[in-house]
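**Q** My structure is in model_25.txt, and what it holds is compact mmCIF, C-alpha atoms and all ligand atoms:
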# COMPACT_ATOMS: atom_id res chain seq x y z
CA MET A 1 94.28 111.79 113.61
CA PHE A 2 91.90 110.88 110.84
CA GLU A 3 90.34 113.71 108.88
CA ALA A 4 87.13 113.28 106.94
CA PRO A 5 88.22 112.83 103.34
CA GLU A 6 87.50 115.75 101.10
CA SER A 7 88.30 113.72 98.03
CA PRO A 8 85.43 113.03 95.66
CA LEU A 9 84.01 109.54 95.41
CA CYS A 10 86.36 107.36 93.38
CA VAL A 11 86.38 103.75 92.27
CA LEU A 12 89.58 102.12 90.99
CA THR A 13 89.46 98.86 89.07
CA ILE A 14 92.47 96.66 88.36
CA HIS A 15 92.69 94.51 85.24
CA ALA A 16 95.33 92.27 83.70
CA HIS A 17 95.16 93.04 79.97
CA PRO A 18 93.62 95.55 77.58
CA ASP A 19 90.09 94.14 76.88
CA ASP A 20 89.54 92.75 80.42
CA GLU A 21 88.02 96.13 81.35
CA ALA A 22 85.50 95.54 78.53
CA SER A 23 84.52 91.97 79.38
CA LYS A 24 84.33 92.39 83.17
CA GLY A 25 82.42 95.22 84.82
CA ALA A 26 82.23 97.79 82.02
CA PRO A 27 78.53 98.65 82.65
CA THR A 28 79.12 99.07 86.38
CA LEU A 29 82.00 101.48 85.82
CA ALA A 30 80.01 103.36 83.16
CA LYS A 31 77.14 103.74 85.60
CA TYR A 32 79.35 105.15 88.34
CA HIS A 33 80.99 107.53 85.90
CA ASP A 34 77.52 108.78 84.95
CA LEU A 35 76.70 109.23 88.63
CA GLY A 36 79.66 111.58 88.95
CA VAL A 37 82.04 109.12 90.61
CA ARG A 38 85.64 109.35 89.43
CA THR A 39 86.58 106.12 87.65
CA VAL A 40 90.16 104.87 87.37
CA LEU A 41 91.43 101.88 85.41
CA VAL A 42 94.75 100.25 86.23
CA CYS A 43 95.87 97.89 83.47
CA CYS A 44 98.78 95.73 84.59
CA THR A 45 100.15 94.60 81.23
CA GLY A 46 100.14 95.72 77.63
CA GLY A 47 98.59 92.50 76.31
CA GLU A 48 101.65 91.82 74.15
CA GLU A 49 100.97 88.07 74.02
CA GLY A 50 97.44 88.33 72.68
CA ASP A 51 96.65 86.80 69.28
CA LEU A 52 94.48 88.22 66.58
CA GLN A 53 90.99 86.92 67.43
CA ASN A 54 89.13 88.60 64.60
CA PRO A 55 90.02 86.82 61.33
CA ALA A 56 88.17 89.39 59.18
CA LEU A 57 90.97 91.86 59.87
CA ARG A 58 93.21 89.66 57.65
CA ASN A 59 90.98 90.28 54.64
CA GLU A 60 92.14 92.47 51.79
CA GLY A 61 92.13 96.08 52.92
CA GLY A 62 92.27 95.04 56.60
CA PRO A 63 95.10 96.08 58.92
CA PHE A 64 96.51 92.52 59.06
CA HIS A 65 96.26 91.63 55.38
CA GLY A 66 99.15 89.54 54.09
CA MET A 67 101.17 89.68 57.30
CA THR A 68 103.51 87.02 58.66
CA PRO A 69 102.81 85.89 62.25
CA GLU A 70 105.75 88.03 63.40
CA GLU A 71 104.40 91.11 61.61
CA GLU A 72 100.98 90.41 63.10
CA LYS A 73 102.46 90.48 66.58
CA GLN A 74 104.13 93.82 65.95
CA GLN A 75 100.96 95.22 64.47
CA LEU A 76 98.98 94.03 67.53
CA ALA A 77 101.46 95.75 69.83
CA ARG A 78 100.84 99.00 67.95
CA ILE A 79 97.05 98.69 67.85
CA ARG A 80 96.17 97.42 71.33
CA PRO A 81 96.95 100.67 73.20
CA VAL A 82 94.72 102.53 70.73
CA GLU A 83 91.92 100.01 71.32
CA LEU A 84 92.29 100.37 75.07
CA ALA A 85 92.08 104.16 74.88
CA ARG A 86 88.90 103.93 72.79
CA SER A 87 87.35 101.32 75.08
CA ALA A 88 88.12 103.41 78.17
CA GLN A 89 86.54 106.44 76.52
CA ILE A 90 83.34 104.50 75.76
CA ILE A 91 83.10 103.17 79.33
CA GLY A 92 83.87 106.61 80.75
CA PHE A 93 87.10 106.08 82.65
CA ASP A 94 88.45 109.38 83.93
CA GLN A 95 91.95 107.96 84.13
CA VAL A 96 93.78 104.98 82.62
CA ILE A 97 97.09 103.97 84.19
CA MET A 98 99.38 101.24 82.89
CA LEU A 99 101.17 99.39 85.68
CA GLY A 100 103.96 98.78 83.19
CA TYR A 101 104.50 95.02 83.05
CA ARG A 102 104.70 92.75 80.06
CA ASP A 103 101.96 90.22 79.31
CA SER A 104 102.99 86.81 80.73
CA GLY A 105 101.10 84.74 78.16
CA MET A 106 99.22 81.57 79.04
CA ALA A 107 100.41 79.33 81.89
CA GLU A 108 103.58 77.32 81.14
CA SER A 109 104.26 79.22 77.90
CA PRO A 110 107.75 80.66 77.17
CA PRO A 111 106.71 84.34 77.79
CA ASN A 112 106.17 83.35 81.47
CA ALA A 113 109.95 83.35 81.80
CA ASN A 114 110.48 86.85 80.38
CA PRO A 115 111.98 88.92 83.23
CA ASP A 116 109.80 91.90 82.28
CA CYS A 117 106.54 89.96 82.52
CA PHE A 118 103.99 90.49 85.27
CA HIS A 119 104.23 86.87 86.39
CA GLN A 120 107.97 87.31 87.13
CA ALA A 121 107.58 90.65 88.89
CA SER A 122 108.62 90.82 92.53
CA LEU A 123 105.43 90.88 94.60
CA ASP A 124 106.55 93.72 96.87
CA GLU A 125 107.72 95.78 93.92
CA ALA A 126 104.47 95.32 92.00
CA VAL A 127 102.39 96.04 95.12
CA GLY A 128 104.44 99.22 95.57
CA ARG A 129 103.56 100.42 92.08
CA LEU A 130 99.88 99.85 92.81
CA VAL A 131 100.11 101.48 96.24
CA SER A 132 101.59 104.64 94.73
CA ILE A 133 98.66 104.81 92.30
CA ILE A 134 96.10 104.24 95.09
CA ARG A 135 97.68 106.98 97.20
CA ARG A 136 97.59 109.40 94.28
CA GLU A 137 94.06 108.58 93.07
CA ARG A 138 92.53 108.10 96.56
CA PRO A 139 89.74 105.63 95.71
CA GLN A 140 87.30 104.58 98.41
CA VAL A 141 86.41 101.46 96.42
CA ILE A 142 88.80 99.00 94.76
CA ILE A 143 87.61 96.34 92.33
CA THR A 144 89.85 93.40 91.52
CA TYR A 145 89.84 89.70 90.64
CA GLY A 146 88.81 87.08 93.17
CA ASP A 147 90.72 84.47 95.11
CA ASP A 148 89.09 81.62 93.19
CA GLN A 149 90.03 81.84 89.51
CA ARG A 150 90.01 78.13 88.74
CA GLY A 151 87.74 78.86 85.79
CA TYR A 152 90.44 80.92 84.01
CA PRO A 153 93.79 80.66 85.80
CA HIS A 154 95.77 83.01 83.52
CA PRO A 155 99.02 83.92 85.34
CA ASP A 156 98.38 87.66 84.91
CA HIS A 157 94.85 87.37 86.28
CA LEU A 158 96.10 85.46 89.32
CA LYS A 159 98.76 88.11 89.88
CA VAL A 160 96.17 90.91 89.73
CA HIS A 161 94.53 89.34 92.77
CA ASP A 162 97.86 88.66 94.46
CA ILE A 163 98.99 92.30 94.33
CA SER A 164 95.58 93.86 95.02
CA VAL A 165 95.03 92.33 98.46
CA PRO A 166 98.31 93.58 100.00
CA ALA A 167 98.00 96.91 98.14
CA PHE A 168 94.61 97.49 99.77
CA GLU A 169 96.19 96.94 103.17
CA ARG A 170 99.54 98.67 102.63
CA ALA A 171 98.20 101.82 100.90
CA GLY A 172 97.02 103.17 104.25
CA ASP A 173 100.11 102.11 106.19
CA ASP A 174 102.89 104.70 106.31
CA MET A 175 105.43 102.01 107.20
CA TRP A 176 105.10 100.66 103.67
CA TYR A 177 106.57 102.47 100.68
CA PRO A 178 107.27 105.85 102.31
CA TRP A 179 108.38 107.08 98.88
CA ALA A 180 104.97 106.38 97.38
CA GLY A 181 102.99 109.35 98.65
CA GLU A 182 100.75 110.10 101.59
CA PRO A 183 98.95 107.02 102.94
CA TRP A 184 95.37 106.51 101.78
CA GLN A 185 93.14 103.73 103.09
CA PRO A 186 90.51 102.49 100.62
CA LEU A 187 87.34 101.43 102.45
CA LYS A 188 85.97 98.55 100.41
CA MET A 189 87.37 95.96 98.07
CA TYR A 190 85.22 93.93 95.68
CA TYR A 191 85.99 90.83 93.66
CA SER A 192 84.54 90.28 90.24
CA VAL A 193 82.76 86.95 90.10
CA TRP A 194 81.56 84.57 87.47
CA SER A 195 77.79 84.53 88.02
CA ARG A 196 76.05 81.27 87.28
CA THR A 197 72.64 82.90 87.61
CA ARG A 198 73.58 85.32 84.85
CA LEU A 199 74.93 82.55 82.62
CA ILE A 200 71.70 80.53 82.88
CA ALA A 201 69.59 83.63 82.15
CA VAL A 202 71.67 84.55 79.09
CA HIS A 203 71.76 80.92 77.92
CA GLU A 204 67.97 80.67 78.04
CA ALA A 205 67.50 84.01 76.29
CA MET A 206 69.85 82.89 73.50
CA LEU A 207 68.01 79.58 73.10
CA ALA A 208 64.72 81.47 72.84
CA LYS A 209 66.11 83.94 70.31
CA LEU A 210 68.55 81.89 68.21
CA GLY A 211 67.57 78.30 68.95
CA LYS A 212 71.14 77.69 70.14
CA SER A 213 73.59 78.95 72.70
CA PRO A 214 77.40 79.06 72.88
CA TYR A 215 77.24 77.73 76.43
CA ASP A 216 77.80 73.98 76.26
CA ASP A 217 77.62 71.43 79.07
CA LYS A 218 81.13 72.31 80.16
CA TRP A 219 79.86 75.78 81.00
CA LEU A 220 76.44 74.79 82.28
CA ASN A 221 77.93 72.28 84.70
CA ARG A 222 80.72 74.54 85.87
CA PRO A 223 80.39 75.08 89.62
CA GLY A 224 79.40 78.64 90.43
CA GLN A 225 80.32 80.94 93.28
CA ASP A 226 76.92 82.62 93.42
CA GLU A 227 76.58 81.99 97.13
CA ARG A 228 79.43 84.48 97.61
CA ILE A 229 77.69 87.32 95.76
CA THR A 230 77.00 90.21 98.14
CA THR A 231 76.30 92.99 95.70
CA ARG A 232 74.15 93.31 92.61
CA ILE A 233 74.34 96.49 90.54
CA ASP A 234 71.49 97.31 88.16
CA VAL A 235 73.21 98.17 84.89
CA ALA A 236 70.25 97.85 82.51
CA SER A 237 70.82 101.30 81.02
CA HIS A 238 74.59 100.87 80.69
CA MET A 239 74.88 97.70 78.61
CA TYR A 240 76.19 99.90 75.76
CA ALA A 241 79.45 100.17 77.69
CA ARG A 242 79.98 96.42 77.43
CA SER A 243 79.14 96.02 73.75
CA GLY A 244 80.84 99.28 72.73
CA SER A 245 84.07 98.61 74.59
CA LEU A 246 84.22 95.01 73.38
CA ARG A 247 83.85 96.23 69.79
CA ALA A 248 86.60 98.79 70.42
CA HIS A 249 88.95 95.83 71.00
CA ALA A 250 88.55 94.82 67.39
CA THR A 251 91.69 92.67 67.30
CA GLN A 252 90.56 90.64 70.33
CA VAL A 253 86.82 90.29 69.83
CA ASP A 254 85.13 88.87 66.76
CA PRO A 255 82.00 91.00 66.18
CA ASN A 256 80.24 87.92 64.75
CA GLU A 257 80.84 85.81 67.85
CA SER A 258 77.54 84.96 69.52
CA TRP A 259 79.44 84.36 72.76
CA TRP A 260 79.78 88.15 72.99
CA PHE A 261 77.02 89.47 70.80
CA GLY A 262 74.29 86.81 70.63
CA LEU A 263 72.04 89.17 72.57
CA ASP A 264 71.92 92.91 71.92
CA ASP A 265 72.07 95.43 74.76
CA ASP A 266 68.30 95.55 75.29
CA GLU A 267 67.96 91.77 75.24
CA LEU A 268 70.79 91.44 77.72
CA ALA A 269 69.21 94.06 79.96
CA THR A 270 65.92 92.16 79.84
CA SER A 271 67.39 88.73 80.51
CA TYR A 272 69.77 89.78 83.31
CA PRO A 273 70.03 93.50 84.08
CA TYR A 274 72.72 93.16 86.78
CA GLU A 275 76.41 92.81 87.40
CA ASP A 276 77.34 90.79 90.46
CA TRP A 277 80.18 91.44 92.88
CA VAL A 278 81.67 89.95 96.03
CA LEU A 279 82.47 92.33 98.89
CA ALA A 280 85.81 90.94 100.05
CA LYS A 281 87.04 93.59 102.46
CA SER A 282 85.27 96.44 104.16
CA ALA A 283 86.05 99.04 106.79
CA VAL A 284 82.46 100.31 106.73
CA GLY A 285 80.49 97.19 107.47
CA ALA A 286 78.91 94.63 105.20
CA PRO A 287 75.34 93.72 104.26
CA ASP A 288 73.61 91.11 106.40
CA ALA A 289 73.71 87.64 104.93
CA ASP A 290 70.13 87.88 103.66
CA VAL A 291 70.54 91.35 102.13
CA VAL A 292 71.97 92.10 98.70
CA GLU A 293 73.81 95.37 98.43
CA ILE A 294 72.83 97.51 95.42
CA ASP A 295 75.55 100.18 95.61
CA LEU A 296 79.34 99.79 95.84
CA PHE A 297 79.43 102.95 97.98
CA THR A 298 76.99 101.74 100.65
CA GLY A 299 78.41 102.82 104.00
CA ILE A 300 81.00 105.09 102.41
CA LYS A 301 78.88 108.14 101.76
CA ASP A 302 78.05 108.26 105.50
CA VAL A 303 81.75 108.33 106.30
CA ILE A 304 82.44 111.07 103.77
CA ALA A 305 79.59 113.15 105.18
CA CYS A 306 81.05 112.87 108.68
CA GLU A 307 82.43 116.06 110.24
CA PRO A 308 86.14 116.04 111.03
CA GLY A 309 86.72 114.75 114.55
CA GLN A 310 83.52 112.72 114.70
CA SER A 311 84.04 109.23 115.98
CA LEU A 312 82.87 107.21 112.97
CA PRO A 313 85.95 107.68 110.78
CA ASN A 314 88.24 106.52 113.57
CA ARG A 315 86.92 103.02 112.93
CA LEU A 316 88.64 103.13 109.60
CA THR A 317 92.09 102.96 111.06
CA SER A 318 91.35 99.82 113.02
CA PRO A 319 93.35 97.02 111.39
CA ALA A 320 90.83 94.50 112.66
CA LEU A 321 88.11 96.16 110.64
CA VAL A 322 90.20 96.80 107.59
CA GLY A 323 91.08 93.15 107.52
CA THR A 324 87.50 91.98 107.85
CA GLU A 325 86.87 89.12 105.49
CA VAL A 326 83.37 88.98 104.17
CA GLY A 327 81.64 86.28 102.23
CA GLU A 328 84.40 83.73 102.55
CA PRO A 329 84.04 80.38 104.19
CA ALA A 330 85.00 80.54 107.85
ZN ZN B 401 93.06 89.07 80.54
Starting from the file, lay out its structure as structure tokens.

**A**
Amino acid sequence: MFEAPESPLCVLTIHAHPDDEASKGAPTLAKYHDLGVRTVLVCCTGGEEGDLQNPALRNEGGPFHGMTPEEEKQQLARIRPVELARSAQIIGFDQVIMLGYRDSGMAESPPNANPDCFHQASLDEAVGRLVSIIRRERPQVIITYGDDQRGYPHPDHLKVHDISVPAFERAGDDMWYPWAGEPWQPLKMYYSVWSRTRLIAVHEAMLAKLGKSPYDDKWLNRPGQDERITTRIDVASHMYARSGSLRAHATQVDPNESWWFGLDDDELATSYPYEDWVLAKSAVGAPDADVVEIDLFTGIKDVIACEPGQSLPNRLTSPALVGTEVGEPA
């Protein structure tokens, strides 16, 4: 028998490496934190294979001055958790949980073969780790990476998607992972999406401001997935979360890189004030094809407000509804 959840609203977002939470969705999560929604970050790897992307840190007096490549790697391993903690604080995550795998490095590179890396992890085992977190944190909304990552097929990013889909389904099923806590069925799952509309808007704003843009033809001609976008969150007043968290990852993000910082927060908010999402699974319905959702919790608040025993929540346990695919080609 389903009981109306007494848990507060919660959104849980799954990322591959420290700094992904800064470059994808930071303003959206900051906004929901400000609205009083509990925000949880699951970071699957420690980012051990990242390189120093900010050459100024090698200058005299910098934390990487005079280091060999091997020393740099060790220094990165020490610094990246600190950067992640700072970034999460700026965005406003209430909880940061490491899934505990090692960074797999780029596709076909030797770290892919490390038995501790995320890429090598058994799917069922990794899904189980995520399920136990979902059951403990009880999010209604899960955010993860999409099923089409051809634009950046990093093995760890692909695996984030691969574990998230079964975790969404198994978290509410007591036949799976009975050791992992009381079942909890999240109600909606969103994919992050590379928005072509946003890229064009930012490109044009950079041309107008700087006379040049870091987006070359390779980017401008890259096929988009904008037709899949179901949900558009207005984040104009939360752009600080993006710029602030990116800067917190000082080893990974060059503060002089126009790719990241060619527009300031206000200019970004003026040129494209949204973050775009794809509703991939829903147990509480989906927007009509001609309607753009403006809230990740649309449909969920009604369920939460439902009295115990009312019929609406019973829909949630229907596997047919939980498995509803939205926005994907038939
Ligand atoms: Zn990453």

**Q** Residues up to 7 Å from ligand ZN 401 (chain B), counting all atoms listed in the file: could you list those as a compact mmCIF listing (two decimals) with C-alpha atoms, in the coordinates of the input?

**A**
# COMPACT_ATOMS: atom_id res chain seq x y z
CA ALA A 16 95.33 92.27 83.70
CA HIS A 17 95.16 93.04 79.97
CA ASP A 19 90.09 94.14 76.88
CA ASP A 20 89.54 92.75 80.42
CA HIS A 157 94.85 87.37 86.28

**Q** Restricting the calculation to all atoms listed in the file, which member of A:Asn221, A:Thr68, A:Ser109, A:Ser243 is positioned closest to Asp264 in chain A?

**A**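 Of the candidates, the smallest distance to Asp264 in chain A is held by A:Ser243.
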
**Q** Pick out the closest residue to Pro273 in chain A from this set: A:Leu76, A:Val253, A:Ser237, A:Trp259. Count only C-alpha atoms.

**A** A:Ser237

**Q** Need to verify the contact set: Val37 in chain A, 6 Å, all atoms listed in the file, exclusion of same-chain residues closer than 3 positions in sequence. Can you return it as a list in words?

**A**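 These residues fall inside the cut-off: Leu9, Cys10, Tyr32 and His33 of chain A.
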
**Q** Need to verify the contact set: Ala26 in chain A, 6 Å, only C-alpha atoms, exclusion of same-chain residues closer than 4 positions in sequence. Can you return it as a list in words?

**A**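 In the requested form, the answer reads Ala22, Ala241 and Arg242 of chain A.
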
**Q** To one decimal place in Å, what is the distance between CA of Leu187 in chain A and CA of Lys301 in chain A?

**A**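 Going from CA of Leu187 in chain A over to CA of Lys301 in chain A covers 10.8 Å.
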
**Q** Would you kindly return, as a count of residues only, each protein, DNA or RNA residue with an atom no farther than 6 Å from any atom of range 78-94 of chain A, considering only C-alpha atoms and excluding same-chain residues fewer than 3 positions away?

**A** 10
